[in-house]
Amino acid sequence: MKKITVSILSVLMMLSMVFSTSVFAAEKTNPVADFFAGIFGAQTSDVSDVGVEYRGHVQNKGDFPLDGTWIQGPERLGTVGEGLRLEASWIKLADTAPAGLHIKYQVHVQNKGWMGFVEDGTMAGTKGEGLRIEAIQISLVDDEGNIATGYSVEYRGHVQNIGDTEWYADGAQLGTTGSGLRLEALEIKIVQTKADMTAYEAAVAAAAALTETDYTAESWAALQTALTDNVVTDANTQAEVDAATAAINAAIEALTMVTSMTGVEATSATTLTVSFNTAISAADQALITFDVQRGSTTTTMLAPVWAADGMSVELSRVSNLLAGTYTVTAAGIDLGTDSATTVVEAQTVTTVNIITANVAADAAAQVNYMVYDQYGDEMTRNSNAFTWSVVNTTASTRTVAATDGAFTYLTLNTIANAQLGDVLRVTGVLDADTTIVATKDITVSNIFVASFGLGEVVVPEGSDRLTEGAGMVELTYAAADNFGNEVTLPALGSAAMPQTIGAIQFITSDATIINNVQVVDGVLSVNVVNDGTVVITAINGDAGTVSTLPITVYATPAANTATFGDSEIIAGDNTTFELPVVFADQYGTEMAASSVANLDLTTPGSLFNVSVSGAGTLTVGNVDATGENITFTAATEGTYTLTLVNKLTGAVSTATVEVLEERLPSELQVVTAPSASIPSSGATTTVTFKVVDQYGDDMTGAEVFTTAGYTVDIAVTSGGTNYIASTTALSAATFTSTITSAATLGTDTVTYTLMDAATPAAAVDSQAFNFTIVDPLTSIAVTTNASEYTSGDTIGLTINAYKGASVAYTTYNGSGVATISDGTDTYLRNVTFVNGVATTTVPAGIAGAAIVQDVTYSGLNDTATAVIVNAGAASQLALSTNDLILLDAYGNTADYDFTGIANFVTDGAGTILAPIDSEGNKEVVITDGVVYQTDGTTPVTFTGASADDVLTMTLANGDVFTLTVQ
């Protein structure tokens, strides 16, 4: 008893810690106590925390109680033994009632009958009319008027000539109707009903039956929270119990299962089947791989074969699995459990089934039998593993001997000793296990082919019809003997028809279409030679019946009609164009492109006659090597009709081919524009063009100047003085022209005009450029916008232009690329001069001595000195030997100070050689970018890391710095 007491107390203590405050704690202040009250059989009290109050109008007394108060249920309203009637009543719930709970009632009144329901303190009955209440009905309802759950209203009374009644509840009639008896007193009480716990208990039991490791930690934790937050007993209201049940079931539904391998078993002599607890998607099936080990030896398996539902996969091998312990391990996807083990036994015979029931009395008589292994699969192997005996139970003197035939049949090689009607008891005992025995009584009978019927032609795989030259093609058939057993035709090599095979004679109606017949392993085939219609006839010599099979052999599919696509063809091009085409055969089936590749359309012996109609010339070629296009060369502009006529079938296919206008130069477009300002006295600039045709395609120089015969004229327009010294012409070799300045300052216009080859030539397109000849830029001077910088600051550079003998070039407005170098980095900046001044910026680099900013523009050079005195902001964690330091973006030791807690995290094997706690925290002092221990002098070091290991230092001020080991 002491041990039991201790155990119970232990459970109480543990569960009191596990169960958290219930969602119903506002009304059920101790859910754990309620939980255990339910466990130990405590009964809920009839006393409810919901009160009821009522008043009445009593004969000769008036409204009662007389002081205007309300009677608290279940105290009595009215009188007993005074013969006074109740005439009216007011009933309401006390303030402790839950929101949404209401009391409704109606009374049966003398001379009036039932007066209809009222609610919550409204008067029911009459006053001042001297009419008695004879009966009453009382119910509890919710806001919608539905019968409330969780609570019940009970009431009893004192009735004239009857006395005190039993308790009635929830709308039942108290009192009488039609008897003229008055209701003299009334008592009412509210009781709490016990909730139905069936669904709740089932939900809790379902949760208890689950295994934590089968689900993700997050979803399992959510279920545990739902269980502890929703502890109820039958003392709770039904609504509370239902809510708790729903919460637990929702958490169960929301559980996310961890995909795991649940087992592996041998399901055949060659196959292991691996099962999972959830379906593996097709995408994951493509990723997962399996390793199969028998002991420590790897077993090579064939490609996995997945079940349609994705819940299992078969791993098979060609030969039988050897006996042993197999472990299958999966990889490639995330699995909770990724391996399973099973023991495989060597394949063994477990069952033998003798099939034959009747044999003929001839030398070829056979008894067929089937052997099955422990998996229920048929075993086939060449082994005389059985000892057979045959006993003639009809006449023992007519003995019959048997020889085992390769594990599938038994030959009765002295069957001639038997007579029709003899019953032969055939018994086989497995040599390796004498408990495996098969026996059957077989009757020597007159056996013949009772029925034979031809079925259908088996069209060769990959074809949709039987075509000429198909060779040997299977014919299905059905045959049965007089005992209903399936009959298979005996073997026969290919032989001309008519031909008799066993009891069946085969005849062809046209040997030029189908000529020979053969049987291999019971499969009947005929040889298809030419196209046409033929009838194969099978005559059953045993039964005297005939079966026929009409067969249509089709001609080999050939291109018959063509459907053409669209193609853009331009006149005059010496190019072979392609017109998309799809051919259909004489049966209307689209042909594979490969089957019409290089189809001849042009020679006299080809399958098609090809003609072209139109005003010009269009030369048609053959189908190309892809089988997807017809080739041809367009000569002149126009619209043509291409017609293909099949010489054999007469089928006609047409296509309309539009040959567009030949390509002509149409636009002169600028590719690279020249500089608008050119220094005087022999300075140059260049302009590069391209010419496009009317279809928007680029043309080569040869096509423009040689084939089309076009030219580009160059005209220089000046105001009386030539400011442009020369221009170079465009030609078939180049679309670039060079413009050279003269010595005189001024403005000229150069116009390039594309001219056609007509006589007289006409302008097609033109481009004009205005050039200003200016003084040459002779030098530049560069200055910085400050004398000192911090690493990473922006250095402003001002470039001043000069001409002549260091004269400020205040009218210079040129632009170009400036090359700026600080000795470490080089920057290219686009600069524009406005009235002789240009500005640009570069970043300040490494802190140290004065750094020269070397600027080159338009072949001119100048320098300015920038003094970078301070390191920039800390941006990265680095190592100086093994000491931790902070660097700026340019590799300077950063100007950074900090004192406080640093947290160190590494993803590799590196170690912080300083006392840190279990969470990786360490108080550090950082001075001028160097990380020290608490004393401010001993560096914090990091050693033992490998390449690509990452160390992260997070400071208490929120700054985070990262080091990647090189």
# chains A, B, ... in the order shown; residues from 1 in each chain; ligands from 1
>>> residues_around(residues="Ala562 (chain A)", least_positions_apart="4", cutoff="8 Å", atoms="only C-alpha atoms", output="tab-separated table (two decimals) with C-alpha atoms, in the first residue's frame")
chain	number	residue	atom	x	y	z
A	581	VAL	CA	6.68	21.22	-94.69
A	582	VAL	CA	4.96	18.30	-92.94
A	583	PHE	CA	4.08	15.19	-94.95
A	584	ALA	CA	1.18	12.82	-94.31
A	644	LEU	CA	3.01	18.70	-105.56
A	653	SER	CA	-0.78	19.65	-102.26
A	654	THR	CA	-0.26	23.36	-102.90
>>> select_by_dssp(residues="region 304-440 of chain A", states="strand (DSSP E)", output="ChimeraX atom specification")
/A:305-306,312-316,324-331,339-344,349-354,358-360,366-373,386-392,403-405,409-411,423-430,437-440
>>> closest_residue(among="A:Gly621, A:Gly171, A:Gly130, A:Gly150", to="Glu578 (chain A)", atoms="only C-alpha atoms")
A:Gly621
>>> residues_around(residues="Ala571 (chain A)", least_positions_apart="5", cutoff="7 Å", atoms="only C-alpha atoms", output="JSON, numbers by chain")
{"A": [634, 635, 636, 637, 659, 660, 661, 662]}
>>> closest_residue(among="A:Ser741, A:Thr753, A:Phe961, A:Ile630", to="Ser666 (chain A)", atoms="only C-alpha atoms")
A:Thr753
>>> residues_around(residues="region 601-618 of chain A", least_positions_apart="5", cutoff="10 Å", atoms="only C-alpha atoms", output="ChimeraX atom specification")
/A:558-561,571,623,630,632-657,659
>>> write_last_selection(atoms="N, CA, C and O atoms", output="short mmCIF file (atom, residue, chain, number, x, y, z; two decimals), in the first residue's frame")
data_model
loop_
_atom_site.label_atom_id
_atom_site.label_comp_id
_atom_site.auth_asym_id
_atom_site.auth_seq_id
_atom_site.Cartn_x
_atom_site.Cartn_y
_atom_site.Cartn_z
N ALA A 558 3.89 5.87 -97.26
CA ALA A 558 4.75 6.73 -98.07
C ALA A 558 4.16 8.12 -98.08
O ALA A 558 2.95 8.32 -97.87
N ALA A 559 5.02 9.11 -98.33
CA ALA A 559 4.56 10.49 -98.37
C ALA A 559 3.48 10.64 -99.43
O ALA A 559 3.63 10.19 -100.57
N ASN A 560 2.37 11.30 -99.04
CA ASN A 560 1.24 11.44 -99.96
C ASN A 560 0.83 12.90 -100.13
O ASN A 560 0.68 13.38 -101.25
N THR A 561 0.64 13.59 -99.03
CA THR A 561 0.26 15.00 -99.09
C THR A 561 1.21 15.80 -98.21
O THR A 561 1.87 15.26 -97.32
N ALA A 571 13.89 38.22 -103.23
CA ALA A 571 14.36 38.02 -104.60
C ALA A 571 15.83 38.39 -104.73
O ALA A 571 16.34 39.25 -104.02
N VAL A 623 13.56 17.82 -100.38
CA VAL A 623 13.40 17.94 -98.93
C VAL A 623 14.80 17.87 -98.31
O VAL A 623 15.65 17.07 -98.76
N ILE A 630 11.32 22.08 -97.51
CA ILE A 630 11.63 21.97 -98.93
C ILE A 630 12.56 23.13 -99.28
O ILE A 630 12.33 24.27 -98.87
N PHE A 632 14.55 25.71 -102.03
CA PHE A 632 14.43 26.27 -103.38
C PHE A 632 15.17 27.60 -103.42
O PHE A 632 15.49 28.19 -102.39
N THR A 633 15.43 28.10 -104.62
CA THR A 633 16.13 29.37 -104.82
C THR A 633 15.19 30.33 -105.52
O THR A 633 14.62 30.01 -106.57
N ALA A 634 15.00 31.52 -104.94
CA ALA A 634 14.14 32.54 -105.53
C ALA A 634 14.96 33.40 -106.47
O ALA A 634 16.06 33.81 -106.13
N ALA A 635 14.43 33.68 -107.64
CA ALA A 635 15.18 34.48 -108.61
C ALA A 635 14.58 35.86 -108.78
O ALA A 635 15.30 36.86 -108.79
N THR A 636 13.29 35.95 -108.93
CA THR A 636 12.66 37.25 -109.18
C THR A 636 11.48 37.45 -108.25
O THR A 636 10.86 36.50 -107.77
N GLU A 637 11.17 38.73 -108.03
CA GLU A 637 10.06 39.09 -107.14
C GLU A 637 8.74 38.63 -107.74
O GLU A 637 8.53 38.64 -108.95
N GLY A 638 7.81 38.20 -106.87
CA GLY A 638 6.48 37.81 -107.34
C GLY A 638 5.83 36.81 -106.42
O GLY A 638 6.38 36.41 -105.40
N THR A 639 4.60 36.40 -106.83
CA THR A 639 3.84 35.41 -106.07
C THR A 639 3.77 34.13 -106.89
O THR A 639 3.39 34.16 -108.07
N TYR A 640 4.10 32.99 -106.25
CA TYR A 640 4.17 31.72 -106.96
C TYR A 640 3.28 30.69 -106.26
O TYR A 640 3.06 30.75 -105.05
N THR A 641 2.79 29.76 -107.05
CA THR A 641 2.04 28.62 -106.51
C THR A 641 2.87 27.37 -106.74
O THR A 641 3.20 27.03 -107.89
N LEU A 642 3.20 26.69 -105.65
CA LEU A 642 3.97 25.45 -105.70
C LEU A 642 2.99 24.29 -105.58
O LEU A 642 2.20 24.23 -104.63
N THR A 643 3.02 23.37 -106.55
CA THR A 643 2.06 22.26 -106.58
C THR A 643 2.82 20.94 -106.57
O THR A 643 3.72 20.73 -107.39
N LEU A 644 2.45 20.05 -105.63
CA LEU A 644 3.01 18.70 -105.56
C LEU A 644 1.90 17.72 -105.88
O LEU A 644 0.84 17.74 -105.24
N VAL A 645 2.12 16.85 -106.90
CA VAL A 645 1.13 15.84 -107.27
C VAL A 645 1.76 14.47 -107.05
O VAL A 645 2.81 14.16 -107.62
N ASN A 646 1.13 13.64 -106.20
CA ASN A 646 1.60 12.29 -105.96
C ASN A 646 1.29 11.44 -107.19
O ASN A 646 0.12 11.29 -107.58
N LYS A 647 2.32 10.89 -107.80
CA LYS A 647 2.12 10.13 -109.04
C LYS A 647 1.32 8.86 -108.83
O LYS A 647 0.64 8.39 -109.75
N LEU A 648 1.37 8.30 -107.60
CA LEU A 648 0.68 7.04 -107.35
C LEU A 648 -0.77 7.26 -106.97
O LEU A 648 -1.67 6.57 -107.46
N THR A 649 -1.00 8.21 -106.07
CA THR A 649 -2.35 8.38 -105.54
C THR A 649 -3.10 9.54 -106.16
O THR A 649 -4.32 9.65 -106.00
N GLY A 650 -2.38 10.43 -106.86
CA GLY A 650 -3.03 11.60 -107.43
C GLY A 650 -3.29 12.71 -106.43
O GLY A 650 -3.90 13.73 -106.78
N ALA A 651 -2.86 12.53 -105.17
CA ALA A 651 -3.10 13.56 -104.17
C ALA A 651 -2.33 14.83 -104.53
O ALA A 651 -1.19 14.77 -104.97
N VAL A 652 -3.00 15.98 -104.33
CA VAL A 652 -2.44 17.27 -104.71
C VAL A 652 -2.24 18.12 -103.47
O VAL A 652 -3.13 18.23 -102.63
N SER A 653 -1.07 18.73 -103.36
CA SER A 653 -0.78 19.65 -102.26
C SER A 653 -0.24 20.94 -102.86
O SER A 653 0.58 20.90 -103.79
N THR A 654 -0.71 22.08 -102.35
CA THR A 654 -0.26 23.36 -102.90
C THR A 654 0.21 24.29 -101.79
O THR A 654 -0.22 24.18 -100.64
N ALA A 655 1.09 25.21 -102.19
CA ALA A 655 1.56 26.24 -101.27
C ALA A 655 1.75 27.53 -102.05
O ALA A 655 2.19 27.51 -103.20
N THR A 656 1.38 28.63 -101.43
CA THR A 656 1.60 29.94 -102.03
C THR A 656 2.90 30.51 -101.47
O THR A 656 3.07 30.62 -100.26
N VAL A 657 3.83 30.86 -102.36
CA VAL A 657 5.14 31.35 -101.96
C VAL A 657 5.27 32.79 -102.43
O VAL A 657 5.14 33.08 -103.62
N VAL A 659 7.64 35.83 -102.99
CA VAL A 659 9.03 36.25 -103.12
C VAL A 659 9.06 37.76 -103.06
O VAL A 659 8.48 38.45 -103.90
#
>>> select_by_dssp(residues="region 82-204 of chain A", states="helix (DSSP H, G or I)", output="number ranges by chain")
A: 198-204
>>> residues_around(residues="Ala593 (chain A)", least_positions_apart="3", cutoff="10 Å", atoms="only C-alpha atoms", output="VMD selection string")
chain A and resid 581 to 583 590 596 to 598 623 to 629
>>> write_last_selection(atoms="N, CA and C atoms", output="PDB file, in the first residue's frame")
ATOM      1  N   VAL A 581       7.635  22.160 -94.136  1.00  0.00           N
ATOM      2  CA  VAL A 581       6.676  21.219 -94.692  1.00  0.00           C
ATOM      3  C   VAL A 581       6.495  20.041 -93.743  1.00  0.00           C
ATOM      4  N   VAL A 582       5.267  19.524 -93.677  1.00  0.00           N
ATOM      5  CA  VAL A 582       4.960  18.300 -92.939  1.00  0.00           C
ATOM      6  C   VAL A 582       4.217  17.377 -93.891  1.00  0.00           C
ATOM      7  N   PHE A 583       4.708  16.153 -94.044  1.00  0.00           N
ATOM      8  CA  PHE A 583       4.076  15.186 -94.948  1.00  0.00           C
ATOM      9  C   PHE A 583       3.148  14.260 -94.174  1.00  0.00           C
ATOM     10  N   GLU A 590       0.419  11.701 -89.920  1.00  0.00           N
ATOM     11  CA  GLU A 590       1.593  12.548 -90.064  1.00  0.00           C
ATOM     12  C   GLU A 590       2.854  11.695 -89.983  1.00  0.00           C
ATOM     13  N   VAL A 596      11.130  11.179 -94.142  1.00  0.00           N
ATOM     14  CA  VAL A 596      11.083  11.873 -95.433  1.00  0.00           C
ATOM     15  C   VAL A 596      12.336  12.723 -95.642  1.00  0.00           C
ATOM     16  N   ALA A 597      13.348  12.546 -94.795  1.00  0.00           N
ATOM     17  CA  ALA A 597      14.587  13.306 -94.961  1.00  0.00           C
ATOM     18  C   ALA A 597      15.177  13.035 -96.336  1.00  0.00           C
ATOM     19  N   ASN A 598      15.600  14.116 -97.030  1.00  0.00           N
ATOM     20  CA  ASN A 598      16.211  14.045 -98.368  1.00  0.00           C
ATOM     21  C   ASN A 598      15.277  13.447 -99.424  1.00  0.00           C
ATOM     22  N   VAL A 623      13.559  17.823-100.375  1.00  0.00           N
ATOM     23  CA  VAL A 623      13.402  17.939 -98.927  1.00  0.00           C
ATOM     24  C   VAL A 623      14.802  17.866 -98.312  1.00  0.00           C
ATOM     25  N   ASP A 624      15.049  18.715 -97.303  1.00  0.00           N
ATOM     26  CA  ASP A 624      16.393  18.769 -96.726  1.00  0.00           C
ATOM     27  C   ASP A 624      16.663  17.576 -95.802  1.00  0.00           C
ATOM     28  N   ALA A 625      17.869  17.545 -95.233  1.00  0.00           N
ATOM     29  CA  ALA A 625      18.295  16.400 -94.424  1.00  0.00           C
ATOM     30  C   ALA A 625      17.513  16.264 -93.126  1.00  0.00           C
ATOM     31  N   THR A 626      16.859  17.349 -92.677  1.00  0.00           N
ATOM     32  CA  THR A 626      16.058  17.252 -91.454  1.00  0.00           C
ATOM     33  C   THR A 626      14.681  16.655 -91.705  1.00  0.00           C
ATOM     34  N   GLY A 627      14.256  16.656 -92.968  1.00  0.00           N
ATOM     35  CA  GLY A 627      12.907  16.183 -93.281  1.00  0.00           C
ATOM     36  C   GLY A 627      11.830  17.187 -92.940  1.00  0.00           C
ATOM     37  N   GLU A 628      12.235  18.439 -92.641  1.00  0.00           N
ATOM     38  CA  GLU A 628      11.266  19.434 -92.177  1.00  0.00           C
ATOM     39  C   GLU A 628      11.068  20.581 -93.153  1.00  0.00           C
ATOM     40  N   ASN A 629      11.874  20.667 -94.247  1.00  0.00           N
ATOM     41  CA  ASN A 629      11.796  21.795 -95.166  1.00  0.00           C
ATOM     42  C   ASN A 629      11.994  21.348 -96.606  1.00  0.00           C
TER      43      ASN A 629
END
>>> atom_distance(atom1="CA of Glu667 (chain A)", atom2="CA of Leu754 (chain A)")
7.8 Å
>>> residues_around(residues="Val191 (chain A)", least_positions_apart="2", cutoff="12 Å", atoms="only C-alpha atoms", output="list in words")
Thr44, Ser45, Asp46, Val47, Ser48, Asp49, Val50, Gly51, Val52, Gly73, Pro74, Ala97, Leu140, Thr149, Gly150, Tyr151, Ser152, Val153, Glu154, Tyr155, Ala169, Asp170, Ile188, Lys189, Thr193, Lys194, Ala235 and Thr237 of chain A
>>> write_last_selection(atoms="N, CA and C atoms", output="PDB file, in the first residue's frame")
ATOM      1  N   THR A  44     -19.976  14.906 -10.251  1.00  0.00           N
ATOM      2  CA  THR A  44     -20.273  16.336 -10.224  1.00  0.00           C
ATOM      3  C   THR A  44     -21.513  16.574  -9.372  1.00  0.00           C
ATOM      4  N   SER A  45     -21.541  17.709  -8.692  1.00  0.00           N
ATOM      5  CA  SER A  45     -22.639  18.049  -7.780  1.00  0.00           C
ATOM      6  C   SER A  45     -23.830  18.572  -8.550  1.00  0.00           C
ATOM      7  N   ASP A  46     -25.031  18.330  -8.016  1.00  0.00           N
ATOM      8  CA  ASP A  46     -26.233  18.911  -8.600  1.00  0.00           C
ATOM      9  C   ASP A  46     -26.308  20.406  -8.347  1.00  0.00           C
ATOM     10  N   VAL A  47     -25.486  20.890  -7.418  1.00  0.00           N
ATOM     11  CA  VAL A  47     -25.502  22.322  -7.126  1.00  0.00           C
ATOM     12  C   VAL A  47     -24.770  23.032  -8.245  1.00  0.00           C
ATOM     13  N   SER A  48     -25.438  23.999  -8.888  1.00  0.00           N
ATOM     14  CA  SER A  48     -24.859  24.729 -10.000  1.00  0.00           C
ATOM     15  C   SER A  48     -24.465  26.115  -9.543  1.00  0.00           C
ATOM     16  N   ASP A  49     -23.451  26.652 -10.188  1.00  0.00           N
ATOM     17  CA  ASP A  49     -23.083  28.026  -9.887  1.00  0.00           C
ATOM     18  C   ASP A  49     -23.958  29.022 -10.636  1.00  0.00           C
ATOM     19  N   VAL A  50     -24.934  28.525 -11.365  1.00  0.00           N
ATOM     20  CA  VAL A  50     -25.912  29.383 -12.035  1.00  0.00           C
ATOM     21  C   VAL A  50     -27.181  29.412 -11.192  1.00  0.00           C
ATOM     22  N   GLY A  51     -27.562  30.570 -10.691  1.00  0.00           N
ATOM     23  CA  GLY A  51     -28.747  30.684  -9.848  1.00  0.00           C
ATOM     24  C   GLY A  51     -29.984  31.073 -10.641  1.00  0.00           C
ATOM     25  N   VAL A  52     -31.155  30.855 -10.020  1.00  0.00           N
ATOM     26  CA  VAL A  52     -32.429  31.243 -10.630  1.00  0.00           C
ATOM     27  C   VAL A  52     -33.255  31.980  -9.576  1.00  0.00           C
ATOM     28  N   GLY A  73     -33.911  30.296  -5.975  1.00  0.00           N
ATOM     29  CA  GLY A  73     -34.163  28.878  -6.167  1.00  0.00           C
ATOM     30  C   GLY A  73     -33.192  28.029  -5.364  1.00  0.00           C
ATOM     31  N   PRO A  74     -33.601  26.877  -4.855  1.00  0.00           N
ATOM     32  CA  PRO A  74     -34.899  26.223  -5.130  1.00  0.00           C
ATOM     33  C   PRO A  74     -35.938  26.460  -4.026  1.00  0.00           C
ATOM     34  N   ALA A  97     -25.179  33.677 -14.290  1.00  0.00           N
ATOM     35  CA  ALA A  97     -25.425  32.879 -15.495  1.00  0.00           C
ATOM     36  C   ALA A  97     -24.429  33.265 -16.590  1.00  0.00           C
ATOM     37  N   LEU A 140     -34.260  26.156 -20.649  1.00  0.00           N
ATOM     38  CA  LEU A 140     -33.089  27.007 -20.826  1.00  0.00           C
ATOM     39  C   LEU A 140     -32.715  27.023 -22.312  1.00  0.00           C
ATOM     40  N   THR A 149     -26.943  23.836 -23.748  1.00  0.00           N
ATOM     41  CA  THR A 149     -26.195  22.663 -23.274  1.00  0.00           C
ATOM     42  C   THR A 149     -25.409  23.051 -22.031  1.00  0.00           C
ATOM     43  N   GLY A 150     -25.094  22.038 -21.235  1.00  0.00           N
ATOM     44  CA  GLY A 150     -24.295  22.261 -20.046  1.00  0.00           C
ATOM     45  C   GLY A 150     -25.100  22.493 -18.780  1.00  0.00           C
ATOM     46  N   TYR A 151     -26.329  22.934 -18.929  1.00  0.00           N
ATOM     47  CA  TYR A 151     -27.175  23.214 -17.773  1.00  0.00           C
ATOM     48  C   TYR A 151     -28.578  22.688 -18.039  1.00  0.00           C
ATOM     49  N   SER A 152     -29.274  22.392 -16.944  1.00  0.00           N
ATOM     50  CA  SER A 152     -30.655  21.908 -17.016  1.00  0.00           C
ATOM     51  C   SER A 152     -31.480  22.661 -15.972  1.00  0.00           C
ATOM     52  N   VAL A 153     -32.715  22.980 -16.330  1.00  0.00           N
ATOM     53  CA  VAL A 153     -33.614  23.602 -15.351  1.00  0.00           C
ATOM     54  C   VAL A 153     -34.576  22.518 -14.847  1.00  0.00           C
ATOM     55  N   GLU A 154     -34.708  22.408 -13.488  1.00  0.00           N
ATOM     56  CA  GLU A 154     -35.621  21.439 -12.884  1.00  0.00           C
ATOM     57  C   GLU A 154     -36.623  22.213 -12.017  1.00  0.00           C
ATOM     58  N   TYR A 155     -37.863  21.702 -11.986  1.00  0.00           N
ATOM     59  CA  TYR A 155     -38.901  22.425 -11.250  1.00  0.00           C
ATOM     60  C   TYR A 155     -39.951  21.415 -10.768  1.00  0.00           C
ATOM     61  N   ALA A 169     -38.232  18.590 -15.774  1.00  0.00           N
ATOM     62  CA  ALA A 169     -37.043  19.279 -16.297  1.00  0.00           C
ATOM     63  C   ALA A 169     -37.214  19.642 -17.757  1.00  0.00           C
ATOM     64  N   ASP A 170     -36.619  20.787 -18.112  1.00  0.00           N
ATOM     65  CA  ASP A 170     -36.351  21.177 -19.503  1.00  0.00           C
ATOM     66  C   ASP A 170     -37.564  21.094 -20.413  1.00  0.00           C
ATOM     67  N   ILE A 188     -37.903  25.995  -8.229  1.00  0.00           N
ATOM     68  CA  ILE A 188     -37.077  25.912  -9.446  1.00  0.00           C
ATOM     69  C   ILE A 188     -35.605  25.878  -9.045  1.00  0.00           C
ATOM     70  N   LYS A 189     -34.827  25.085  -9.776  1.00  0.00           N
ATOM     71  CA  LYS A 189     -33.384  25.085  -9.574  1.00  0.00           C
ATOM     72  C   LYS A 189     -32.680  24.826 -10.921  1.00  0.00           C
ATOM     73  N   THR A 193     -25.292  19.915 -16.101  1.00  0.00           N
ATOM     74  CA  THR A 193     -25.294  18.553 -16.651  1.00  0.00           C
ATOM     75  C   THR A 193     -23.870  18.101 -16.923  1.00  0.00           C
ATOM     76  N   LYS A 194     -23.653  16.822 -16.800  1.00  0.00           N
ATOM     77  CA  LYS A 194     -22.328  16.273 -17.067  1.00  0.00           C
ATOM     78  C   LYS A 194     -22.102  16.205 -18.573  1.00  0.00           C
ATOM     79  N   ALA A 235     -17.263  17.730 -15.569  1.00  0.00           N
ATOM     80  CA  ALA A 235     -17.791  18.865 -14.808  1.00  0.00           C
ATOM     81  C   ALA A 235     -17.788  20.138 -15.640  1.00  0.00           C
ATOM     82  N   THR A 237     -18.654  22.404 -19.025  1.00  0.00           N
ATOM     83  CA  THR A 237     -19.822  22.435 -19.908  1.00  0.00           C
ATOM     84  C   THR A 237     -19.504  21.656 -21.172  1.00  0.00           C
TER      85      THR A 237
END
>>> residues_around(residues="Ile252 (chain A)", least_positions_apart="4", cutoff="10 Å", atoms="only C-alpha atoms", output="ChimeraX atom specification")
/A:203-204,206-207,210,219-220,222-224,226,246-248,256
>>> write_last_selection(atoms="C-alpha atoms", output="short mmCIF file (atom, residue, chain, number, x, y, z; two decimals), in the first residue's frame")
data_model
loop_
_atom_site.label_atom_id
_atom_site.label_comp_id
_atom_site.auth_asym_id
_atom_site.auth_seq_id
_atom_site.Cartn_x
_atom_site.Cartn_y
_atom_site.Cartn_z
CA ALA A 203 -8.80 12.56 -29.04
CA VAL A 204 -6.54 12.22 -25.99
CA ALA A 206 -5.27 9.19 -30.30
CA ALA A 207 -2.59 11.65 -29.22
CA LEU A 210 1.45 8.71 -31.48
CA SER A 219 4.41 20.33 -34.61
CA TRP A 220 4.91 17.86 -31.72
CA ALA A 222 2.19 22.32 -30.57
CA LEU A 223 0.32 19.07 -29.83
CA GLN A 224 1.71 18.91 -26.29
CA ALA A 226 -2.86 21.67 -27.00
CA ALA A 246 -11.53 20.39 -31.37
CA ALA A 247 -8.25 22.01 -30.24
CA ILE A 248 -6.56 18.64 -29.65
CA THR A 256 4.02 17.29 -39.72
#
>>> atom_distance(atom1="CA of Ala786 (chain A)", atom2="CA of Thr841 (chain A)")
12.0 Å
